[in-house]
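Visitor: Structure incoming, see below.
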Amino acid sequence: MTTLLVLGAGRNQIALIERGRQMGLRVVSADPAADSPGFALSDACFVTDLADMDRLLDIAREQQINGVMTAAADFPVPAVAQVCETLGLPGISPKTAEVATNKYAMRAALTSAGLPVPWSVRVQTLDEAAEVLRQKSGPAILKPCLSSGGRGITLLSPDWSRADVEEALRHAKSHSLDGMALIEEY
């Protein structure tokens, strides 16, 4: 039987799990939350960190998967790509996954392709962020480099204070999986 590994079993992956089952696939799901609603719809389920590549590859091999995917979630995309590459399955490359999910990498790829993008600077510290904002004029967005769903985004007005920037940076970094933030033109 053809087996599909779905990374994520939350409410946003339910339609994917259901569709796989309707197509006659054996659906295996993995999610860090033991109470994920998609587990009840899956043929097999595993509670695991979706960043734990060794564990995901063990699951993929043990379950003899034929494909792996996710839906409505950015975070598992690099893991999907790595599983595909390691097991020789069709899918996007790990580099493509990084560019698609990391805002800084995406901006760099678009810029190198000659496409217009708003100015943006990756920052990690309050001093770095304040310096960038001092050099630029107008409102700016401060957001996580590696996150999704609009989490951790703050609009900074042109008359920002250091306290405003400190709070925005803390907010962005608390939602960034790599601990980095991006300041960009608004």
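Residue numbers start at 1 in each chain; chains themselves are named A, B, ... in the order of the structure tokens; ligands are numbered from 1 in the order shown.
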Lys136 of chain A: which residues within 12 Å, counting only C-alpha atoms, same-chain residues fewer than 2 positions away excluded, as a PyMOL selection string?
Guide: chain A and resi 119-121+129-134+138-141+156-160+183-186
Visitor: Env of Pro144 of chain A: 7 Å cut, atoms = only C-alpha atoms, seq-sep filter 3 positions within chain, self excluded. Answer as a PyMOL selection string.
Guide: chain A and resi 147+152+172-173+175-176+180-182
Visitor: Put those residues in a file: N, CA, C and O atoms, as an mmCIF file, in the first residue's frame.
Guide:
data_model
loop_
_atom_site.group_PDB
_atom_site.id
_atom_site.type_symbol
_atom_site.label_atom_id
_atom_site.label_comp_id
_atom_site.auth_asym_id
_atom_site.auth_seq_id
_atom_site.Cartn_x
_atom_site.Cartn_y
_atom_site.Cartn_z
ATOM 1 N N SER A 147 9.356 32.472 10.646
ATOM 2 C CA SER A 147 8.067 32.278 11.290
ATOM 3 C C SER A 147 7.015 32.312 10.196
ATOM 4 O O SER A 147 7.328 32.506 9.024
ATOM 5 N N GLY A 152 4.437 37.787 15.331
ATOM 6 C CA GLY A 152 5.615 38.535 15.743
ATOM 7 C C GLY A 152 5.900 39.803 14.972
ATOM 8 O O GLY A 152 6.997 40.345 15.058
ATOM 9 N N ALA A 172 9.332 39.970 18.002
ATOM 10 C CA ALA A 172 9.730 39.272 16.770
ATOM 11 C C ALA A 172 10.577 38.041 17.076
ATOM 12 O O ALA A 172 10.323 36.950 16.554
ATOM 13 N N LYS A 173 11.577 38.218 17.933
ATOM 14 C CA LYS A 173 12.477 37.102 18.242
ATOM 15 C C LYS A 173 11.760 35.979 18.991
ATOM 16 O O LYS A 173 12.121 34.819 18.847
ATOM 17 N N HIS A 175 8.994 34.850 18.300
ATOM 18 C CA HIS A 175 8.276 34.068 17.292
ATOM 19 C C HIS A 175 9.192 33.538 16.191
ATOM 20 O O HIS A 175 8.729 32.881 15.267
ATOM 21 N N SER A 176 10.482 33.851 16.266
ATOM 22 C CA SER A 176 11.421 33.451 15.221
ATOM 23 C C SER A 176 12.120 32.161 15.606
ATOM 24 O O SER A 176 12.738 32.072 16.670
ATOM 25 N N MET A 180 16.390 35.324 14.871
ATOM 26 C CA MET A 180 16.750 36.518 14.113
ATOM 27 C C MET A 180 15.492 37.296 13.748
ATOM 28 O O MET A 180 14.406 36.743 13.648
ATOM 29 N N ALA A 181 15.686 38.599 13.539
ATOM 30 C CA ALA A 181 14.585 39.460 13.123
ATOM 31 C C ALA A 181 14.963 40.185 11.844
ATOM 32 O O ALA A 181 16.139 40.246 11.471
ATOM 33 N N LEU A 182 13.961 40.717 11.197
ATOM 34 C CA LEU A 182 14.152 41.428 9.937
ATOM 35 C C LEU A 182 13.453 42.768 10.057
ATOM 36 O O LEU A 182 12.297 42.834 10.476
#
Visitor: Contacts between segment 23-44 of chain A and segment 59-84 of chain A, please, where a residue of segment 59-84 of chain A counts if it comes within 12 Å (with only C-alpha atoms); show its shortest atom pair and distance in Å to one decimal, rows by chain and ascending number, as a Markdown table.
Guide:
| residue | atom | partner | partner_atom | distance |
| --- | --- | --- | --- | --- |
| A:Ile59 | CA | A:Ala30 | CA | 8.8 |
| A:Ala60 | CA | A:Val28 | CA | 9.0 |
| A:Arg61 | CA | A:Val28 | CA | 11.8 |
| A:Glu62 | CA | A:Val28 | CA | 10.9 |
| A:Gln63 | CA | A:Val28 | CA | 7.8 |
| A:Gln64 | CA | A:Val28 | CA | 10.2 |
| A:Ile65 | CA | A:Val28 | CA | 8.4 |
| A:Asn66 | CA | A:Leu25 | CA | 9.8 |
| A:Gly67 | CA | A:Val27 | CA | 9.9 |
| A:Val68 | CA | A:Val28 | CA | 9.3 |
| A:Met69 | CA | A:Ser29 | CA | 9.8 |
| A:Thr70 | CA | A:Ser29 | CA | 9.6 |
| A:Ala71 | CA | A:Ser29 | CA | 11.9 |
| A:Ala73 | CA | A:Asp31 | CA | 11.8 |
| A:Phe75 | CA | A:Asp31 | CA | 11.5 |
| A:Pro76 | CA | A:Asp31 | CA | 9.8 |
| A:Ala79 | CA | A:Ala30 | CA | 11.5 |
| A:Val80 | CA | A:Ala30 | CA | 11.6 |
Visitor: Store the residues picked out above in a file with all heavy atoms, as a compact mmCIF listing (two decimals), in the first residue's frame.
Guide:
# COMPACT_ATOMS: atom_id res chain seq x y z
N ILE A 59 11.15 7.37 11.34
CA ILE A 59 9.71 7.12 11.10
C ILE A 59 9.48 6.83 9.63
O ILE A 59 8.77 5.86 9.28
CB ILE A 59 8.87 8.32 11.56
CG1 ILE A 59 8.90 8.45 13.09
CG2 ILE A 59 7.42 8.20 11.06
CD1 ILE A 59 8.37 9.77 13.61
N ALA A 60 10.05 7.64 8.77
CA ALA A 60 9.85 7.47 7.32
C ALA A 60 10.33 6.09 6.86
O ALA A 60 9.65 5.42 6.07
CB ALA A 60 10.59 8.57 6.56
N ARG A 61 11.48 5.67 7.35
CA ARG A 61 12.01 4.35 6.97
C ARG A 61 11.18 3.22 7.57
O ARG A 61 10.84 2.26 6.88
CB ARG A 61 13.47 4.24 7.40
CG ARG A 61 14.41 5.11 6.57
CD ARG A 61 15.85 4.96 7.03
NE ARG A 61 16.74 5.78 6.24
CZ ARG A 61 17.43 6.83 6.72
NH1 ARG A 61 17.33 7.17 8.00
NH2 ARG A 61 18.21 7.53 5.93
N GLU A 62 10.86 3.33 8.86
CA GLU A 62 10.06 2.29 9.53
C GLU A 62 8.70 2.11 8.87
O GLU A 62 8.20 0.99 8.74
CB GLU A 62 9.85 2.63 11.01
CG GLU A 62 11.09 2.53 11.86
CD GLU A 62 10.91 3.22 13.23
OE1 GLU A 62 9.77 3.62 13.59
OE2 GLU A 62 11.93 3.35 13.93
N GLN A 63 8.11 3.21 8.46
CA GLN A 63 6.76 3.18 7.88
C GLN A 63 6.80 2.96 6.36
O GLN A 63 5.76 2.88 5.73
CB GLN A 63 6.02 4.48 8.20
CG GLN A 63 5.78 4.68 9.69
CD GLN A 63 4.93 3.58 10.28
OE1 GLN A 63 3.86 3.25 9.75
NE2 GLN A 63 5.38 2.99 11.37
N GLN A 64 7.99 2.88 5.81
CA GLN A 64 8.19 2.63 4.37
C GLN A 64 7.35 3.59 3.53
O GLN A 64 6.57 3.18 2.68
CB GLN A 64 7.88 1.18 4.03
CG GLN A 64 8.76 0.21 4.78
CD GLN A 64 8.44 -1.24 4.49
OE1 GLN A 64 7.42 -1.60 3.90
NE2 GLN A 64 9.34 -2.12 4.91
N ILE A 65 7.56 4.88 3.79
CA ILE A 65 6.76 5.89 3.10
C ILE A 65 7.12 5.99 1.62
O ILE A 65 8.25 5.68 1.21
CB ILE A 65 6.87 7.27 3.77
CG1 ILE A 65 8.27 7.86 3.59
CG2 ILE A 65 6.47 7.20 5.24
CD1 ILE A 65 8.34 9.35 3.83
N ASN A 66 6.15 6.44 0.84
CA ASN A 66 6.35 6.69 -0.59
C ASN A 66 6.34 8.18 -0.90
O ASN A 66 6.67 8.59 -2.01
CB ASN A 66 5.25 6.01 -1.40
CG ASN A 66 5.18 4.54 -1.12
OD1 ASN A 66 4.40 4.11 -0.28
ND2 ASN A 66 6.02 3.75 -1.77
N GLY A 67 5.91 8.98 0.07
CA GLY A 67 5.86 10.42 -0.10
C GLY A 67 5.70 11.10 1.23
O GLY A 67 5.29 10.49 2.22
N VAL A 68 6.03 12.39 1.26
CA VAL A 68 5.92 13.18 2.48
C VAL A 68 5.49 14.58 2.10
O VAL A 68 5.92 15.11 1.06
CB VAL A 68 7.24 13.20 3.28
CG1 VAL A 68 8.40 13.72 2.45
CG2 VAL A 68 7.10 14.00 4.58
N MET A 69 4.62 15.16 2.90
CA MET A 69 4.19 16.53 2.64
C MET A 69 3.62 17.16 3.89
O MET A 69 3.44 16.50 4.91
CB MET A 69 3.19 16.59 1.48
CG MET A 69 1.91 15.83 1.69
SD MET A 69 0.85 15.75 0.21
CE MET A 69 0.59 17.44 -0.20
N THR A 70 3.32 18.44 3.78
CA THR A 70 2.64 19.19 4.83
C THR A 70 1.67 20.12 4.14
O THR A 70 1.67 20.25 2.91
CB THR A 70 3.63 19.96 5.73
OG1 THR A 70 2.93 20.45 6.88
CG2 THR A 70 4.29 21.11 5.00
N ALA A 71 0.83 20.77 4.92
CA ALA A 71 -0.10 21.75 4.37
C ALA A 71 -0.33 22.85 5.39
O ALA A 71 -0.36 22.59 6.59
CB ALA A 71 -1.43 21.07 4.03
N ALA A 73 1.42 25.12 6.67
CA ALA A 73 2.45 25.33 7.70
C ALA A 73 3.81 25.49 7.04
O ALA A 73 4.18 24.65 6.22
CB ALA A 73 2.46 24.16 8.67
N PHE A 75 6.80 25.81 8.87
CA PHE A 75 7.85 25.20 9.67
C PHE A 75 8.27 23.81 9.18
O PHE A 75 9.47 23.53 9.11
CB PHE A 75 7.44 25.14 11.15
CG PHE A 75 8.44 24.44 12.01
CD1 PHE A 75 9.66 25.03 12.29
CD2 PHE A 75 8.18 23.18 12.52
CE1 PHE A 75 10.60 24.37 13.06
CE2 PHE A 75 9.11 22.52 13.30
CZ PHE A 75 10.33 23.12 13.57
N PRO A 76 7.34 22.91 8.81
CA PRO A 76 7.78 21.58 8.40
C PRO A 76 8.35 21.49 6.98
O PRO A 76 8.87 20.45 6.59
CB PRO A 76 6.51 20.73 8.48
CG PRO A 76 5.51 21.54 9.22
CD PRO A 76 5.90 22.95 9.04
N ALA A 79 11.87 20.19 6.63
CA ALA A 79 11.93 18.77 6.98
C ALA A 79 11.39 17.90 5.85
O ALA A 79 11.95 16.84 5.55
CB ALA A 79 11.15 18.50 8.28
N VAL A 80 10.31 18.34 5.21
CA VAL A 80 9.77 17.62 4.05
C VAL A 80 10.85 17.50 2.99
O VAL A 80 11.11 16.42 2.45
CB VAL A 80 8.51 18.33 3.48
CG1 VAL A 80 8.14 17.76 2.11
CG2 VAL A 80 7.33 18.21 4.44
Visitor: If we count only C-alpha atoms and set the cut-off at 8 Å, which residues sit around Ala97 of chain A, ignoring sequence neighbours fewer than 5 positions away in its own chain? Please answer as a list in words.
Guide: Val77, Pro78, Ala81 and Ile92 of chain A
Visitor: Nearest to Gly8 of chain A: which of A:Ile153, A:Leu57, A:Ala72, A:Leu126 is it, counting only C-alpha atoms?
Guide: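 Ranked by minimum distance to Gly8 of chain A, first place goes to A:Ala72.
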Visitor: Which of segment 17-134 of chain A end up as strand (DSSP E) when DSSP is run on this backbone - answer as a PyMOL selection string?
Guide: chain A and resi 26-31+44-47+67-69+120-123
Visitor: Could you turn the residues from that selection into a file that holds all heavy atoms, as a compact mmCIF listing (two decimals), in the first residue's frame?
Guide:
# COMPACT_ATOMS: atom_id res chain seq x y z
N ARG A 26 -2.31 5.01 2.71
CA ARG A 26 -2.10 4.81 4.14
C ARG A 26 -1.44 6.10 4.62
O ARG A 26 -0.38 6.48 4.12
CB ARG A 26 -1.19 3.61 4.38
CG ARG A 26 -0.89 3.36 5.82
CD ARG A 26 -0.11 2.04 5.99
NE ARG A 26 0.31 1.91 7.36
CZ ARG A 26 1.47 2.37 7.85
NH1 ARG A 26 2.35 2.95 7.05
NH2 ARG A 26 1.76 2.23 9.12
N VAL A 27 -2.07 6.79 5.56
CA VAL A 27 -1.58 8.09 6.01
C VAL A 27 -0.97 7.96 7.41
O VAL A 27 -1.63 7.50 8.34
CB VAL A 27 -2.68 9.16 6.01
CG1 VAL A 27 -2.15 10.49 6.54
CG2 VAL A 27 -3.27 9.33 4.61
N VAL A 28 0.29 8.36 7.49
CA VAL A 28 1.03 8.39 8.75
C VAL A 28 1.25 9.87 9.06
O VAL A 28 1.68 10.63 8.20
CB VAL A 28 2.38 7.67 8.60
CG1 VAL A 28 3.22 7.81 9.85
CG2 VAL A 28 2.18 6.22 8.22
N SER A 29 0.94 10.28 10.28
CA SER A 29 1.14 11.69 10.63
C SER A 29 2.10 11.83 11.80
O SER A 29 2.21 10.93 12.64
CB SER A 29 -0.20 12.37 10.93
OG SER A 29 -0.86 11.73 11.99
N ALA A 30 2.78 12.96 11.83
CA ALA A 30 3.71 13.28 12.91
C ALA A 30 3.45 14.71 13.34
O ALA A 30 3.26 15.60 12.50
CB ALA A 30 5.15 13.13 12.43
N ASP A 31 3.42 14.93 14.64
CA ASP A 31 3.15 16.26 15.19
C ASP A 31 3.69 16.28 16.62
O ASP A 31 3.66 15.26 17.30
CB ASP A 31 1.64 16.53 15.20
CG ASP A 31 1.32 18.01 15.41
OD1 ASP A 31 1.47 18.51 16.54
OD2 ASP A 31 0.91 18.65 14.43
N ALA A 44 -1.50 5.75 11.27
CA ALA A 44 -0.47 5.66 12.30
C ALA A 44 -0.07 7.08 12.65
O ALA A 44 -0.13 7.97 11.80
CB ALA A 44 0.74 4.87 11.80
N CYS A 45 0.31 7.31 13.89
CA CYS A 45 0.68 8.66 14.30
C CYS A 45 1.87 8.62 15.25
O CYS A 45 2.06 7.65 15.98
CB CYS A 45 -0.50 9.39 14.92
SG CYS A 45 -1.29 8.54 16.27
N PHE A 46 2.65 9.69 15.21
CA PHE A 46 3.86 9.78 16.01
C PHE A 46 3.95 11.17 16.62
O PHE A 46 3.86 12.17 15.90
CB PHE A 46 5.10 9.51 15.15
CG PHE A 46 5.13 8.12 14.61
CD1 PHE A 46 4.51 7.82 13.40
CD2 PHE A 46 5.75 7.10 15.32
CE1 PHE A 46 4.52 6.53 12.90
CE2 PHE A 46 5.75 5.81 14.83
CZ PHE A 46 5.14 5.52 13.61
N VAL A 47 4.11 11.23 17.91
CA VAL A 47 4.33 12.49 18.61
C VAL A 47 5.83 12.73 18.58
O VAL A 47 6.61 11.98 19.18
CB VAL A 47 3.81 12.44 20.06
CG1 VAL A 47 4.13 13.74 20.79
CG2 VAL A 47 2.32 12.14 20.08
N GLY A 67 5.91 8.98 0.07
CA GLY A 67 5.86 10.42 -0.10
C GLY A 67 5.70 11.10 1.23
O GLY A 67 5.29 10.49 2.22
N VAL A 68 6.03 12.39 1.26
CA VAL A 68 5.92 13.18 2.48
C VAL A 68 5.49 14.58 2.10
O VAL A 68 5.92 15.11 1.06
CB VAL A 68 7.24 13.20 3.28
CG1 VAL A 68 8.40 13.72 2.45
CG2 VAL A 68 7.10 14.00 4.58
N MET A 69 4.62 15.16 2.90
CA MET A 69 4.19 16.53 2.64
C MET A 69 3.62 17.16 3.89
O MET A 69 3.44 16.50 4.91
CB MET A 69 3.19 16.59 1.48
CG MET A 69 1.91 15.83 1.69
SD MET A 69 0.85 15.75 0.21
CE MET A 69 0.59 17.44 -0.20
N SER A 120 15.53 45.64 3.34
CA SER A 120 15.40 44.84 4.56
C SER A 120 16.79 44.55 5.10
O SER A 120 17.75 44.43 4.34
CB SER A 120 14.65 43.54 4.29
OG SER A 120 15.34 42.74 3.37
N VAL A 121 16.87 44.46 6.42
CA VAL A 121 18.13 44.20 7.09
C VAL A 121 17.86 43.20 8.22
O VAL A 121 16.94 43.38 9.02
CB VAL A 121 18.75 45.49 7.68
CG1 VAL A 121 20.05 45.19 8.41
CG2 VAL A 121 18.96 46.53 6.59
N ARG A 122 18.68 42.16 8.29
CA ARG A 122 18.55 41.17 9.36
C ARG A 122 19.27 41.70 10.60
O ARG A 122 20.39 42.20 10.50
CB ARG A 122 19.16 39.84 8.91
CG ARG A 122 18.95 38.72 9.88
CD ARG A 122 19.34 37.39 9.32
NE ARG A 122 20.69 37.40 8.77
CZ ARG A 122 21.31 36.33 8.29
NH1 ARG A 122 20.69 35.16 8.27
NH2 ARG A 122 22.52 36.41 7.83
N VAL A 123 18.60 41.60 11.75
CA VAL A 123 19.16 42.09 13.01
C VAL A 123 18.93 41.07 14.12
O VAL A 123 18.02 40.25 14.04
CB VAL A 123 18.55 43.45 13.42
CG1 VAL A 123 18.87 44.53 12.41
CG2 VAL A 123 17.05 43.35 13.65
Visitor: Nearest to Thr96 of chain A among A:Arg19, A:Glu166, A:Asp49, A:Ala109, with distances taken over only C-alpha atoms: which residue is it?
Guide: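 For Thr96 of chain A, the nearest of the candidates is A:Ala109.
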Visitor: For Glu128 of chain A, which residue out of A:Asp164, A:Gly91, A:Leu169, A:Tyr104 is the nearest one, using only C-alpha atoms?
Guide: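 Checking each candidate against Glu128 of chain A, we get A:Leu169 as the closest.
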Visitor: At what distance in Å, to one decimal, does atom CA of Leu5 of chain A lie from atom CA of Met53 of chain A?
Guide: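 Those two atoms sit 13.6 Å apart.
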Visitor: Per DSSP on the backbone, what are the alpha helix (DSSP H) residues of segment 8-171 of chain A, as a VMD selection string?
Guide: chain A and resid 14 to 22 53 to 62 77 to 87 94 to 101 103 to 112 126 to 135 162 to 171
Visitor: To one decimal in Å, tell me the separation between atom CA of Lys143 of chain A and atom CA of Ala168 of chain A.
Guide: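 For atom CA of Lys143 of chain A relative to atom CA of Ala168 of chain A, the distance reads 7.9 Å.
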